[in-house]
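> So that we are looking at the same thing, I have put the structure below in structure tokens.
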Amino acid sequence: MNRFLLVATLATLALTVVFTSPTLADETFVRLTTGQGDILLQMKTDVAPRHVENFLRLGTSGFYDGTYFHRVIPGFMIQGGDPNTRNKDKADDGQGGPSWEDVLPAEDFARLEAVRLMLDQRGYGGLPPSAGIKAEFNSESHTRGTVSMARSQSPDSGGSQFFITVAHTAHLDGKYTIFGKVVTGMDVADAIVSSERDRQDNPLQPVHVTGFNVIDGVAGLTADEAEAWRLFSKPAIIEDAAD
């Protein structure tokens with residue numbers, strides 16, 4: 001093997017090692033912009049890859065823009081992600097989710113529509129109108145700042161609605177799919193959960209989502225976010241250094 005080919009091969013191997021490193025799975029972030037400020041979320045691709053993919057697909061398509069946190073319970077959590085919150089009728093808040101067109105590539109959606117038409121022509125009821133994602137229960141715990149998928153009774157009924165815990169809620173562990181964690185912005189979540197609300201826990205002055213920015217790797221973080229991530233992701237090293 002000549003020297004140039006050897007160097008090129010080693011470089012390729014090095015890139016392969018870097019891009020398959022398990023630590024990179026922890027370095028996908030979402031900067032969720034709200035009317036109260038930014039919340040930086042770390043995506044837990046390693047434990048809930050389908051949920052992360054679903055969340056990123058919806059977010060980058062603009063699905064969450066204009067929605068608001070429709071359920072706020074102090075000492076518990078804030079819940080958002082319902083497209084129904086874009087209308088003025090609060091009665092249907094908490095009941096919405098993504099359509100199949102929202103979650104599928106165009107070619108797959110066309111195939112689905114063909115199957116739906118075939119079932120209809122044969123007299124069958126067809127497929128559910130809303131898309132649901134299968135649960136990915138994992139060993140993560142619902143500590144303060146956990147991002148988890150909201151759902152109805154069925155474990156596989158999650159779609160677009162998610163919640164962020166503002167306290168440790170271990171009774172949810174193994175029942176809801178955890179797919180992220182707040183790195184910065186818990187002060188924003190605390191402000192949202194403290195909003196004045198009605199008897200249905202719907203805030204009187206809604207806090208809307210105004211931006212959804214996916215950040216691939218630490219290099220895309222601001223200096224303050226990068227420092228927060230360093231402290232967040234390396235607690236053991238920091239404690240050792242302090243000793």
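Chain lettering (A, B, ...) mirrors the order of the structure tokens, residue numbering begins at 1 for each chain separately, and ligand numbering begins at 1 in order of display.
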Taking 5 positions as the minimum chain separation for residues in the same chain, which residues sit within 9 Å of A:Asn138 when counting only C-alpha atoms? Answer as a ChimeraX atom specification.

/A:47-48,173-174,176-178

> I want to know what sits within 12 Å of A:Thr34, based on only C-alpha atoms, with residues of the same chain fewer than 5 positions away left out; could you give that as a tab-separated table (two decimals) with N, CA and C atoms, in the first residue's frame?


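For reference, around.tsv as written:
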```
chain	number	residue	atom	x	y	z
A	39	ILE	N	-35.12	27.18	25.94
A	39	ILE	CA	-34.86	25.96	26.71
A	39	ILE	C	-34.01	25.06	25.83
A	40	LEU	N	-32.82	24.73	26.30
A	40	LEU	CA	-31.93	23.84	25.54
A	40	LEU	C	-32.16	22.41	26.00
A	64	TYR	N	-44.37	22.58	15.59
A	64	TYR	CA	-44.57	23.13	16.92
A	64	TYR	C	-44.71	24.64	16.96
A	65	ASP	N	-44.37	25.30	15.88
A	65	ASP	CA	-44.42	26.77	15.86
A	65	ASP	C	-45.85	27.25	16.12
A	66	GLY	N	-45.98	28.15	17.07
A	66	GLY	CA	-47.30	28.71	17.36
A	66	GLY	C	-48.12	27.92	18.36
A	67	THR	N	-47.65	26.73	18.75
A	67	THR	CA	-48.35	25.98	19.80
A	67	THR	C	-47.94	26.54	21.15
A	68	TYR	N	-48.68	26.20	22.19
A	68	TYR	CA	-48.29	26.68	23.52
A	68	TYR	C	-48.41	25.57	24.55
A	69	PHE	N	-47.83	25.82	25.70
A	69	PHE	CA	-47.90	24.84	26.80
A	69	PHE	C	-49.29	24.93	27.41
A	80	GLY	N	-46.82	20.47	26.35
A	80	GLY	CA	-47.07	21.21	25.12
A	80	GLY	C	-47.05	20.28	23.92
A	185	GLY	N	-32.32	26.43	30.85
A	185	GLY	CA	-33.67	26.94	30.66
A	185	GLY	C	-34.69	26.43	31.65
A	188	VAL	N	-36.93	29.03	32.71
A	188	VAL	CA	-38.04	29.28	31.78
A	188	VAL	C	-39.19	28.32	32.08
A	189	ALA	N	-38.87	27.04	32.27
A	189	ALA	CA	-39.90	26.05	32.61
A	189	ALA	C	-40.58	26.41	33.93
A	191	ALA	N	-40.94	29.42	35.15
A	191	ALA	CA	-41.81	30.58	34.90
A	191	ALA	C	-43.11	30.15	34.25
A	192	ILE	N	-43.01	29.20	33.31
A	192	ILE	CA	-44.21	28.71	32.62
A	192	ILE	C	-45.13	27.97	33.58
A	206	PRO	N	-51.12	32.15	27.68
A	206	PRO	CA	-50.29	31.07	27.11
A	206	PRO	C	-48.88	31.51	26.74
A	207	VAL	N	-47.93	30.60	26.91
A	207	VAL	CA	-46.56	30.81	26.47
A	207	VAL	C	-46.34	29.96	25.22
A	208	HIS	N	-46.12	30.62	24.10
A	208	HIS	CA	-46.03	29.94	22.81
A	208	HIS	C	-44.61	29.50	22.48
A	209	VAL	N	-44.52	28.46	21.67
A	209	VAL	CA	-43.25	28.05	21.07
A	209	VAL	C	-43.07	28.87	19.80
A	210	THR	N	-41.94	29.55	19.70
A	210	THR	CA	-41.69	30.42	18.54
A	210	THR	C	-40.50	29.96	17.70
A	211	GLY	N	-39.78	28.94	18.16
A	211	GLY	CA	-38.64	28.46	17.40
A	211	GLY	C	-38.21	27.08	17.82
A	212	PHE	N	-37.65	26.34	16.87
A	212	PHE	CA	-37.19	24.97	17.11
A	212	PHE	C	-35.92	24.79	16.30
A	213	ASN	N	-34.78	24.83	16.97
A	213	ASN	CA	-33.49	24.79	16.28
A	213	ASN	C	-32.71	23.55	16.69
```

> Identify, with DSSP run on backbone atoms, the residues in stretch 48-133 of chain A assigned to strand (DSSP E), and express the list as a list in words.

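DSSP on the backbone gives strand (DSSP E) at Arg71, Val72, Ile73, Met77, Ile78, Gln79 and Gly80 of chain A.
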
> Go ahead and save the picked residues with C-alpha atoms, as a PDB file, in the first residue's frame.


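Saved as part16.pdb:
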```pdb
ATOM      1  CA  ARG A  71     -51.169  22.167  30.743  1.00  0.00           C
ATOM      2  CA  VAL A  72     -49.122  23.559  33.628  1.00  0.00           C
ATOM      3  CA  ILE A  73     -49.088  21.961  37.075  1.00  0.00           C
ATOM      4  CA  MET A  77     -44.705  19.475  34.810  1.00  0.00           C
ATOM      5  CA  ILE A  78     -45.505  21.624  31.776  1.00  0.00           C
ATOM      6  CA  GLN A  79     -47.067  19.984  28.708  1.00  0.00           C
ATOM      7  CA  GLY A  80     -47.070  21.207  25.122  1.00  0.00           C
TER       8      GLY A  80
END
```

> Give me the residues within 8 Å of stretch 119-135 of chain A as a ChimeraX atom specification, counting only C-alpha atoms and dropping any in the same chain fewer than 5 places off.

/A:50-51,97-100,103,155-159,176-177

> Next, write the just-selected residues to a file, as an mmCIF file, in the first residue's frame, keeping C-alpha atoms as the atom set.


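Output file selection.cif follows:
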```
data_model
loop_
_atom_site.group_PDB
_atom_site.id
_atom_site.type_symbol
_atom_site.label_atom_id
_atom_site.label_comp_id
_atom_site.auth_asym_id
_atom_site.auth_seq_id
_atom_site.Cartn_x
_atom_site.Cartn_y
_atom_site.Cartn_z
ATOM 1 C CA ARG A 50 -37.670 6.649 17.351
ATOM 2 C CA HIS A 51 -39.045 9.300 19.684
ATOM 3 C CA GLY A 97 -51.551 15.089 17.485
ATOM 4 C CA PRO A 98 -49.741 14.669 14.190
ATOM 5 C CA SER A 99 -51.364 13.366 11.039
ATOM 6 C CA TRP A 100 -49.691 10.615 9.024
ATOM 7 C CA VAL A 103 -44.648 12.073 10.219
ATOM 8 C CA PRO A 155 -48.650 2.988 25.666
ATOM 9 C CA ASP A 156 -48.263 3.431 21.897
ATOM 10 C CA SER A 157 -50.458 6.520 21.562
ATOM 11 C CA GLY A 158 -47.762 9.214 21.813
ATOM 12 C CA GLY A 159 -47.569 11.527 18.830
ATOM 13 C CA TYR A 176 -43.809 7.191 29.727
ATOM 14 C CA THR A 177 -40.982 7.350 27.210
#
```

> Could you check how far atom CA of A:Leu41 sits from atom CA of A:Val214, in Å to one decimal?

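Distance reported for this atom pair: 9.5 Å.
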
> What's around A:Leu58 at 7 Å? Count only C-alpha atoms, leave out sequence neighbours fewer than 4 positions away in its own chain, and write the answer as a list of chain:residue names.

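Result of the neighbour search: A:Asn54, A:Gly62, A:Phe63, A:Asp102, A:Val103.
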
> May I have the residues from that selection written out with N, CA and C atoms, as a PDB file, in the first residue's frame?


```
ATOM      1  N   ASN A  54     -38.827  11.304  15.656  1.00  0.00           N
ATOM      2  CA  ASN A  54     -40.169  11.854  15.488  1.00  0.00           C
ATOM      3  C   ASN A  54     -40.216  13.320  15.926  1.00  0.00           C
ATOM      4  N   GLY A  62     -41.721  22.727  11.339  1.00  0.00           N
ATOM      5  CA  GLY A  62     -42.509  23.856  11.809  1.00  0.00           C
ATOM      6  C   GLY A  62     -43.777  23.451  12.544  1.00  0.00           C
ATOM      7  N   PHE A  63     -43.914  22.155  12.828  1.00  0.00           N
ATOM      8  CA  PHE A  63     -45.125  21.634  13.459  1.00  0.00           C
ATOM      9  C   PHE A  63     -45.411  22.312  14.801  1.00  0.00           C
ATOM     10  N   ASP A 102     -47.797  14.350   8.534  1.00  0.00           N
ATOM     11  CA  ASP A 102     -46.809  15.076   9.330  1.00  0.00           C
ATOM     12  C   ASP A 102     -45.565  14.238   9.625  1.00  0.00           C
ATOM     13  N   VAL A 103     -45.745  12.915   9.747  1.00  0.00           N
ATOM     14  CA  VAL A 103     -44.648  12.073  10.219  1.00  0.00           C
ATOM     15  C   VAL A 103     -44.007  11.207   9.147  1.00  0.00           C
TER      16      VAL A 103
END
```

> Write out as a tab-separated table (two decimals) with C-alpha atoms, in the first residue's frame the residues lying within 8 Å of A:Asp26, counting only C-alpha atoms and excluding same-chain residues fewer than 4 positions away.


```
chain	number	residue	atom	x	y	z
A	22	PRO	CA	-21.36	6.55	21.51
A	42	GLN	CA	-30.40	17.25	25.03
A	43	MET	CA	-31.84	14.43	22.93
A	44	LYS	CA	-31.48	10.90	24.31
A	45	THR	CA	-31.03	9.11	21.00
A	46	ASP	CA	-29.42	6.12	22.68
```

> From a DSSP calculation on the backbone, collect every residue of stretch 45-172 of chain A in alpha helix (DSSP H) and output the set as a VMD selection string.

chain A and resid 49 to 60 100 to 103 106 to 121

> Just to be explicit: take each residue in the selection above, keep N, CA and C atoms, and write the result as a compact mmCIF listing (two decimals), in the first residue's frame.


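Okay, this is what ended up in selection09.txt:
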```txt
# COMPACT_ATOMS: atom_id res chain seq x y z
N PRO A 49 -34.53 6.26 20.27
CA PRO A 49 -34.20 6.79 18.94
C PRO A 49 -35.42 7.15 18.09
N ARG A 50 -36.48 6.35 18.17
CA ARG A 50 -37.67 6.65 17.35
C ARG A 50 -38.37 7.92 17.83
N HIS A 51 -38.41 8.10 19.14
CA HIS A 51 -39.05 9.30 19.68
C HIS A 51 -38.25 10.55 19.34
N VAL A 52 -36.93 10.45 19.41
CA VAL A 52 -36.10 11.59 19.05
C VAL A 52 -36.29 11.92 17.57
N GLU A 53 -36.25 10.91 16.72
CA GLU A 53 -36.44 11.13 15.28
C GLU A 53 -37.79 11.79 15.00
N ASN A 54 -38.83 11.30 15.66
CA ASN A 54 -40.17 11.85 15.49
C ASN A 54 -40.22 13.32 15.93
N PHE A 55 -39.64 13.62 17.08
CA PHE A 55 -39.62 14.97 17.64
C PHE A 55 -38.88 15.93 16.72
N LEU A 56 -37.71 15.49 16.22
CA LEU A 56 -36.91 16.35 15.34
C LEU A 56 -37.61 16.55 14.00
N ARG A 57 -38.23 15.51 13.48
CA ARG A 57 -38.93 15.64 12.20
C ARG A 57 -40.07 16.65 12.30
N LEU A 58 -40.86 16.52 13.36
CA LEU A 58 -41.97 17.45 13.55
C LEU A 58 -41.46 18.87 13.77
N GLY A 59 -40.45 19.00 14.62
CA GLY A 59 -39.94 20.32 14.96
C GLY A 59 -39.35 21.07 13.78
N THR A 60 -38.56 20.37 12.98
CA THR A 60 -37.92 21.03 11.83
C THR A 60 -38.91 21.35 10.72
N TRP A 100 -50.68 11.48 9.67
CA TRP A 100 -49.69 10.61 9.02
C TRP A 100 -48.82 11.42 8.06
N GLU A 101 -49.41 12.42 7.46
CA GLU A 101 -48.65 13.26 6.53
C GLU A 101 -47.56 14.04 7.25
N ASP A 102 -47.80 14.35 8.53
CA ASP A 102 -46.81 15.08 9.33
C ASP A 102 -45.57 14.24 9.63
N VAL A 103 -45.75 12.92 9.75
CA VAL A 103 -44.65 12.07 10.22
C VAL A 103 -44.01 11.21 9.15
N ALA A 106 -43.00 11.87 1.83
CA ALA A 106 -44.06 11.97 0.83
C ALA A 106 -44.36 10.63 0.16
N GLU A 107 -43.30 9.86 -0.18
CA GLU A 107 -43.53 8.58 -0.87
C GLU A 107 -44.26 7.59 0.04
N ASP A 108 -43.87 7.55 1.31
CA ASP A 108 -44.52 6.63 2.24
C ASP A 108 -45.96 7.04 2.50
N PHE A 109 -46.20 8.36 2.56
CA PHE A 109 -47.57 8.81 2.78
C PHE A 109 -48.45 8.45 1.59
N ALA A 110 -47.90 8.54 0.38
CA ALA A 110 -48.66 8.16 -0.83
C ALA A 110 -49.03 6.68 -0.77
N ARG A 111 -48.08 5.84 -0.32
CA ARG A 111 -48.37 4.41 -0.19
C ARG A 111 -49.47 4.18 0.85
N LEU A 112 -49.38 4.91 1.94
CA LEU A 112 -50.39 4.77 3.00
C LEU A 112 -51.77 5.16 2.49
N GLU A 113 -51.84 6.22 1.73
CA GLU A 113 -53.12 6.66 1.18
C GLU A 113 -53.69 5.62 0.22
N ALA A 114 -52.80 4.96 -0.54
CA ALA A 114 -53.25 3.90 -1.45
C ALA A 114 -53.84 2.73 -0.66
N VAL A 115 -53.19 2.37 0.45
CA VAL A 115 -53.70 1.29 1.30
C VAL A 115 -55.02 1.71 1.93
N ARG A 116 -55.11 2.95 2.38
CA ARG A 116 -56.34 3.45 2.98
C ARG A 116 -57.51 3.38 1.98
N LEU A 117 -57.23 3.77 0.72
CA LEU A 117 -58.24 3.73 -0.32
C LEU A 117 -58.68 2.30 -0.60
N MET A 118 -57.71 1.39 -0.64
CA MET A 118 -58.01 -0.02 -0.89
C MET A 118 -58.90 -0.59 0.22
N LEU A 119 -58.58 -0.27 1.47
CA LEU A 119 -59.39 -0.75 2.59
C LEU A 119 -60.80 -0.19 2.53
N ASP A 120 -60.88 1.09 2.19
CA ASP A 120 -62.19 1.73 2.10
C ASP A 120 -63.04 1.08 1.01
N GLN A 121 -62.42 0.78 -0.11
CA GLN A 121 -63.15 0.16 -1.23
C GLN A 121 -63.63 -1.24 -0.89
```

> Between A:Pro105, A:Gly180, A:Gly35, A:Gly217, which has the minimum distance to A:Ser148 (counting only C-alpha atoms)?

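Distance minimum relative to A:Ser148 lands on A:Gly180.
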
> Nearest to A:Thr184: which of A:Gln153, A:Thr85, A:Thr222, A:Ser141 is it, counting only C-alpha atoms?

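Answer, going by the shortest atom-to-atom distance: A:Thr222.
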
> How many Å lie between atom CA of A:Gly81 and atom CA of A:Ala219, rounded to one decimal?

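Here the two named atoms are 27.5 Å from each other.
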
> Counting only C-alpha atoms, what is within 8 Å of A:Asn84, bar same-chain residues fewer than 5 positions away, as a list of chain:residue names?

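My reading of the contact set: A:Thr67, A:Asp92, A:Asp93, A:Gly94, A:Gln95, A:Gly96, A:Gly97.
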
> Take the residues that were just selected and, keeping C-alpha atoms, output them as a PDB file, in the first residue's frame.


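Output file again_9.pdb is given in full below:
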```pdb
ATOM      1  CA  THR A  67     -48.346  25.975  19.797  1.00  0.00           C
ATOM      2  CA  ASP A  92     -59.874  20.727  22.427  1.00  0.00           C
ATOM      3  CA  ASP A  93     -56.459  21.462  23.943  1.00  0.00           C
ATOM      4  CA  GLY A  94     -54.659  18.252  24.819  1.00  0.00           C
ATOM      5  CA  GLN A  95     -56.520  16.169  22.258  1.00  0.00           C
ATOM      6  CA  GLY A  96     -54.463  16.841  19.127  1.00  0.00           C
ATOM      7  CA  GLY A  97     -51.551  15.089  17.485  1.00  0.00           C
TER       8      GLY A  97
END
```
